[in-house]
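Participant: The structure under discussion is supplied below as structure tokens; questions concerning it will follow.
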Amino acid sequence: MAIPVIDMKNLNGEGRVDIMLQIANGCETPGFFQLLNHGISHSLMDNVKKVCSENFMVSREKNFRQSFPVKMLNELMLVEVNGKKCTDMNDVDWEDVFQINDMEATNSWPSRPSNFRETMEEFRKEIFKLAEILLEIISLNLGLEKGYLKEAFAGEGKPLFGTKVSHYPPCPRPDLVKGIRSHTDAGGLILLFQDDEVPGLQVLNNGHWIDVQPTPYSVVIDIGDQLEVISGGKYKSAWHRILPTKDGNRLSVASFYNPSYSAMIYPALKVNIETEDDDAGLALTAYPKFQFGDYMSIYNKQKYEDKEPRFKAMTDINA
């Protein structure tokens, strides 16, 4: 089984209704889908891969080799050589990662290679535009005004928009550690430009882990916890993980369009009123009203744990 792949080529033409329906279905199950012909040029995506890969080689690879996960794995393998059983590394990730976001001055971004900042600024502008197109479509699919989600995420200011650049270097024992442990994403909408050669990303669907197939020049869309709340559970944030490989250095460039910390998040009543499921009445109270900043304070401590207790904690805070 593969996650949906949606061609957006005729979004503003005769194919719009069908594309919107495909997006609605992808948001419902499995909460992950891929987009093609999304408006971001292939040449720009090639440049992003190039500058991120070069940055890792010149600025980050040496430090990763000396990082805690590498040292820990080396120690475990030494234990195994001495005849003892290795234990899994359950509390660390085999990941090199840094973030760039609107709260940082661009002069604090990596300086190597020299065109890193220029390339990433252009890419972030394009991925931001795509995010807002999708939020309008999702709003309409939920029976809301086109600008509902953008306004909800902005709160009294503007949404939080950041980009996480990750590498998952070759791992000698991928059976002992995860590239990143299974989790759901805290925010709103995640747009991932993933490696189109090195696999590893998986999403949980109906109790089974399925691969998110590497597809050249695609953008993977991931529903976050806040869209689950606003949709009253119609859309669910999906559990996902990354498995390391023995060969290949996997690149992941994930941009997240999140609510501002001051934004109040709660189910959109119109969605629940129009829902015909037997559980529709429960949807009005299943998800609490809360400030996104409060949710993040809990999420940062419980990222790899079940999401339901996080929602419950928001209920307790606002009781």
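Ligands are numbered from 1 in the order shown, residues from 1 within each chain, and chains are lettered A, B, ... in the order they appear in the structure tokens.
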Write out as number ranges by chain each polymer residue whose atoms come within 7 Å of Ser262 (chain A), counting only C-alpha atoms; drop sequence neighbours fewer than 6 positions from it.
Facilitator: A: 155-156, 291-293
Participant: How would the residues just picked look written out with N, CA, C and O atoms as a CSV table (one decimal), in the first residue's frame?
Facilitator:
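selection-v9.csv, freshly written:
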```
chain,number,residue,atom,x,y,z
A,155,GLY,N,-4.0,34.1,14.8
A,155,GLY,CA,-4.3,34.6,16.1
A,155,GLY,C,-4.3,36.1,16.0
A,155,GLY,O,-4.9,36.7,15.1
A,156,GLU,N,-3.6,36.7,17.0
A,156,GLU,CA,-3.5,38.2,17.0
A,156,GLU,C,-2.2,38.7,16.3
A,156,GLU,O,-2.0,39.9,16.2
A,291,GLN,N,-4.7,27.6,24.1
A,291,GLN,CA,-3.7,28.4,23.4
A,291,GLN,C,-2.6,27.6,22.9
A,291,GLN,O,-2.1,26.7,23.7
A,292,PHE,N,-2.2,27.8,21.7
A,292,PHE,CA,-1.2,26.9,21.1
A,292,PHE,C,0.1,26.9,21.9
A,292,PHE,O,0.8,25.9,22.0
A,293,GLY,N,0.5,28.0,22.4
A,293,GLY,CA,1.7,28.1,23.2
A,293,GLY,C,1.7,27.1,24.4
A,293,GLY,O,2.7,26.5,24.8
```
Participant: Would you kindly return, as a short mmCIF file (atom, residue, chain, number, x, y, z; two decimals) with N, CA, C and O atoms, in the first residue's frame, each protein, DNA or RNA residue with an atom no farther than 7 Å from any atom of Ser255 (chain A), considering only C-alpha atoms and excluding same-chain residues fewer than 6 positions away?
Facilitator:
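Just written: part-v4.cif:
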```cif
data_model
loop_
_atom_site.label_atom_id
_atom_site.label_comp_id
_atom_site.auth_asym_id
_atom_site.auth_seq_id
_atom_site.Cartn_x
_atom_site.Cartn_y
_atom_site.Cartn_z
N GLY A 162 8.38 27.74 10.00
CA GLY A 162 9.78 27.34 10.13
C GLY A 162 10.13 26.21 9.20
O GLY A 162 9.25 25.56 8.62
N THR A 163 11.41 25.96 9.07
CA THR A 163 11.90 24.87 8.21
C THR A 163 12.98 24.10 8.95
O THR A 163 13.92 24.70 9.49
N LYS A 164 12.81 22.80 8.99
CA LYS A 164 13.76 21.91 9.67
C LYS A 164 14.54 21.13 8.61
O LYS A 164 13.94 20.44 7.78
N ILE A 190 2.30 20.40 7.73
CA ILE A 190 3.72 20.16 7.49
C ILE A 190 3.90 19.82 6.02
O ILE A 190 3.18 18.98 5.47
N LEU A 191 4.87 20.48 5.39
CA LEU A 191 5.16 20.26 3.97
C LEU A 191 6.60 19.78 3.86
O LEU A 191 7.54 20.52 4.18
N LEU A 192 6.77 18.56 3.44
CA LEU A 192 8.07 17.90 3.46
C LEU A 192 8.61 17.69 2.05
O LEU A 192 7.96 17.09 1.20
#
```
Participant: Using only C-alpha atoms, which residues sit within 10 Å of region 60-70 of chain A once same-chain residues fewer than 4 positions away are excluded, as a PDB file with N, CA, C and O atoms, in the first residue's frame?
Facilitator:
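The resulting out_0.pdb:
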```pdb
ATOM      1  N   SER A  53      22.882  19.501   1.151  1.00  0.00           N
ATOM      2  CA  SER A  53      23.868  18.420   1.173  1.00  0.00           C
ATOM      3  C   SER A  53      25.274  18.972   1.352  1.00  0.00           C
ATOM      4  O   SER A  53      26.079  18.418   2.120  1.00  0.00           O
ATOM      5  N   GLU A  54      25.577  20.064   0.676  1.00  0.00           N
ATOM      6  CA  GLU A  54      26.901  20.672   0.814  1.00  0.00           C
ATOM      7  C   GLU A  54      27.105  21.205   2.227  1.00  0.00           C
ATOM      8  O   GLU A  54      28.197  21.067   2.801  1.00  0.00           O
ATOM      9  N   ASN A  55      26.062  21.803   2.794  1.00  0.00           N
ATOM     10  CA  ASN A  55      26.166  22.317   4.158  1.00  0.00           C
ATOM     11  C   ASN A  55      26.481  21.195   5.139  1.00  0.00           C
ATOM     12  O   ASN A  55      27.306  21.362   6.050  1.00  0.00           O
ATOM     13  N   PHE A  56      25.817  20.052   4.961  1.00  0.00           N
ATOM     14  CA  PHE A  56      26.084  18.929   5.857  1.00  0.00           C
ATOM     15  C   PHE A  56      27.542  18.487   5.749  1.00  0.00           C
ATOM     16  O   PHE A  56      28.210  18.263   6.766  1.00  0.00           O
ATOM     17  N   ASN A  74      28.277   3.009  19.066  1.00  0.00           N
ATOM     18  CA  ASN A  74      29.595   2.364  19.045  1.00  0.00           C
ATOM     19  C   ASN A  74      29.833   1.567  20.326  1.00  0.00           C
ATOM     20  O   ASN A  74      30.390   0.460  20.293  1.00  0.00           O
ATOM     21  N   GLU A  75      29.397   2.135  21.453  1.00  0.00           N
ATOM     22  CA  GLU A  75      29.556   1.429  22.728  1.00  0.00           C
ATOM     23  C   GLU A  75      28.703   0.157  22.764  1.00  0.00           C
ATOM     24  O   GLU A  75      29.137  -0.885  23.260  1.00  0.00           O
ATOM     25  N   LEU A  76      27.494   0.240  22.234  1.00  0.00           N
ATOM     26  CA  LEU A  76      26.622  -0.943  22.204  1.00  0.00           C
ATOM     27  C   LEU A  76      27.196  -2.037  21.318  1.00  0.00           C
ATOM     28  O   LEU A  76      27.132  -3.220  21.658  1.00  0.00           O
ATOM     29  N   MET A  89      18.340   1.510  21.229  1.00  0.00           N
ATOM     30  CA  MET A  89      18.502   2.907  21.643  1.00  0.00           C
ATOM     31  C   MET A  89      17.139   3.589  21.523  1.00  0.00           C
ATOM     32  O   MET A  89      16.808   4.163  20.486  1.00  0.00           O
ATOM     33  N   ASP A  91      15.772   6.113  23.247  1.00  0.00           N
ATOM     34  CA  ASP A  91      15.589   7.506  23.680  1.00  0.00           C
ATOM     35  C   ASP A  91      16.387   8.512  22.860  1.00  0.00           C
ATOM     36  O   ASP A  91      16.500   9.680  23.255  1.00  0.00           O
ATOM     37  N   VAL A  92      16.963   8.080  21.745  1.00  0.00           N
ATOM     38  CA  VAL A  92      17.731   9.001  20.898  1.00  0.00           C
ATOM     39  C   VAL A  92      17.355   8.763  19.442  1.00  0.00           C
ATOM     40  O   VAL A  92      16.781   7.726  19.085  1.00  0.00           O
ATOM     41  N   ASP A  93      17.682   9.725  18.599  1.00  0.00           N
ATOM     42  CA  ASP A  93      17.408   9.637  17.168  1.00  0.00           C
ATOM     43  C   ASP A  93      18.719   9.722  16.388  1.00  0.00           C
ATOM     44  O   ASP A  93      19.622  10.469  16.771  1.00  0.00           O
ATOM     45  N   TRP A  94      18.780   8.998  15.284  1.00  0.00           N
ATOM     46  CA  TRP A  94      19.950   9.010  14.404  1.00  0.00           C
ATOM     47  C   TRP A  94      19.740  10.127  13.372  1.00  0.00           C
ATOM     48  O   TRP A  94      19.484   9.907  12.207  1.00  0.00           O
ATOM     49  N   GLU A  95      19.865  11.356  13.850  1.00  0.00           N
ATOM     50  CA  GLU A  95      19.476  12.509  13.033  1.00  0.00           C
ATOM     51  C   GLU A  95      20.400  13.686  13.313  1.00  0.00           C
ATOM     52  O   GLU A  95      20.696  14.008  14.456  1.00  0.00           O
ATOM     53  N   ASP A  96      20.833  14.339  12.241  1.00  0.00           N
ATOM     54  CA  ASP A  96      21.459  15.653  12.358  1.00  0.00           C
ATOM     55  C   ASP A  96      20.437  16.674  11.911  1.00  0.00           C
ATOM     56  O   ASP A  96      19.869  16.549  10.815  1.00  0.00           O
ATOM     57  N   VAL A  97      20.181  17.701  12.716  1.00  0.00           N
ATOM     58  CA  VAL A  97      19.064  18.590  12.419  1.00  0.00           C
ATOM     59  C   VAL A  97      19.351  20.020  12.866  1.00  0.00           C
ATOM     60  O   VAL A  97      20.024  20.253  13.875  1.00  0.00           O
ATOM     61  N   PHE A  98      18.862  20.975  12.083  1.00  0.00           N
ATOM     62  CA  PHE A  98      18.826  22.365  12.514  1.00  0.00           C
ATOM     63  C   PHE A  98      17.593  23.018  11.896  1.00  0.00           C
ATOM     64  O   PHE A  98      17.025  22.516  10.924  1.00  0.00           O
ATOM     65  N   HIS A 167      19.387  15.484   8.240  1.00  0.00           N
ATOM     66  CA  HIS A 167      20.079  14.420   7.528  1.00  0.00           C
ATOM     67  C   HIS A 167      20.080  13.176   8.410  1.00  0.00           C
ATOM     68  O   HIS A 167      20.215  13.268   9.633  1.00  0.00           O
ATOM     69  N   TYR A 168      19.932  12.037   7.758  1.00  0.00           N
ATOM     70  CA  TYR A 168      19.976  10.743   8.440  1.00  0.00           C
ATOM     71  C   TYR A 168      21.104   9.941   7.798  1.00  0.00           C
ATOM     72  O   TYR A 168      20.893   9.216   6.831  1.00  0.00           O
ATOM     73  N   PRO A 169      22.326  10.100   8.346  1.00  0.00           N
ATOM     74  CA  PRO A 169      23.501   9.481   7.724  1.00  0.00           C
ATOM     75  C   PRO A 169      23.437   7.956   7.775  1.00  0.00           C
ATOM     76  O   PRO A 169      22.641   7.368   8.529  1.00  0.00           O
ATOM     77  N   CYS A 171      23.812   4.291   8.820  1.00  0.00           N
ATOM     78  CA  CYS A 171      23.855   3.761  10.179  1.00  0.00           C
ATOM     79  C   CYS A 171      24.311   2.304  10.143  1.00  0.00           C
ATOM     80  O   CYS A 171      23.690   1.485   9.450  1.00  0.00           O
ATOM     81  N   PRO A 172      25.371   1.942  10.859  1.00  0.00           N
ATOM     82  CA  PRO A 172      25.870   0.562  10.811  1.00  0.00           C
ATOM     83  C   PRO A 172      24.912  -0.455  11.421  1.00  0.00           C
ATOM     84  O   PRO A 172      24.961  -1.630  11.082  1.00  0.00           O
ATOM     85  N   VAL A 177      18.392   1.506  16.350  1.00  0.00           N
ATOM     86  CA  VAL A 177      18.055   2.910  16.556  1.00  0.00           C
ATOM     87  C   VAL A 177      17.136   3.378  15.429  1.00  0.00           C
ATOM     88  O   VAL A 177      17.180   2.857  14.320  1.00  0.00           O
TER      89      VAL A 177
END
```
Participant: Would you please extract all alpha helix (DSSP H) residues from region 85-317 of chain A, as assigned by DSSP on the backbone, and give them as a PyMOL selection string?
Facilitator: chain A and resi 116-141+148-154+225-230+269-274+280-286+292-302+308-317
Participant: So which residues touch Tyr235 (chain A) within 8 Å, counting only C-alpha atoms, skipping near sequence neighbours fewer than 4 positions away, as number ranges by chain?
Facilitator: A: 27-29, 31, 223, 227-228, 231
Participant: Could those selected residues go to a file with C-alpha atoms, as a tab-separated table (two decimals), in the first residue's frame?
Facilitator:
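Result file again.tsv:
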```tsv
chain	number	residue	atom	x	y	z
A	27	CYS	CA	-6.40	14.37	5.01
A	28	GLU	CA	-8.78	11.74	6.37
A	29	THR	CA	-6.76	8.63	5.58
A	31	GLY	CA	-3.26	12.01	7.07
A	223	ILE	CA	-1.62	16.74	9.00
A	227	LEU	CA	-5.78	20.46	12.28
A	228	GLU	CA	-7.12	17.40	14.07
A	231	SER	CA	-11.60	19.56	12.26
```
Participant: A:Ala154, A:Ala263, A:Met45, A:Ile137: which is nearest Arg16 (chain A), counting only C-alpha atoms?
Facilitator: A:Ile137
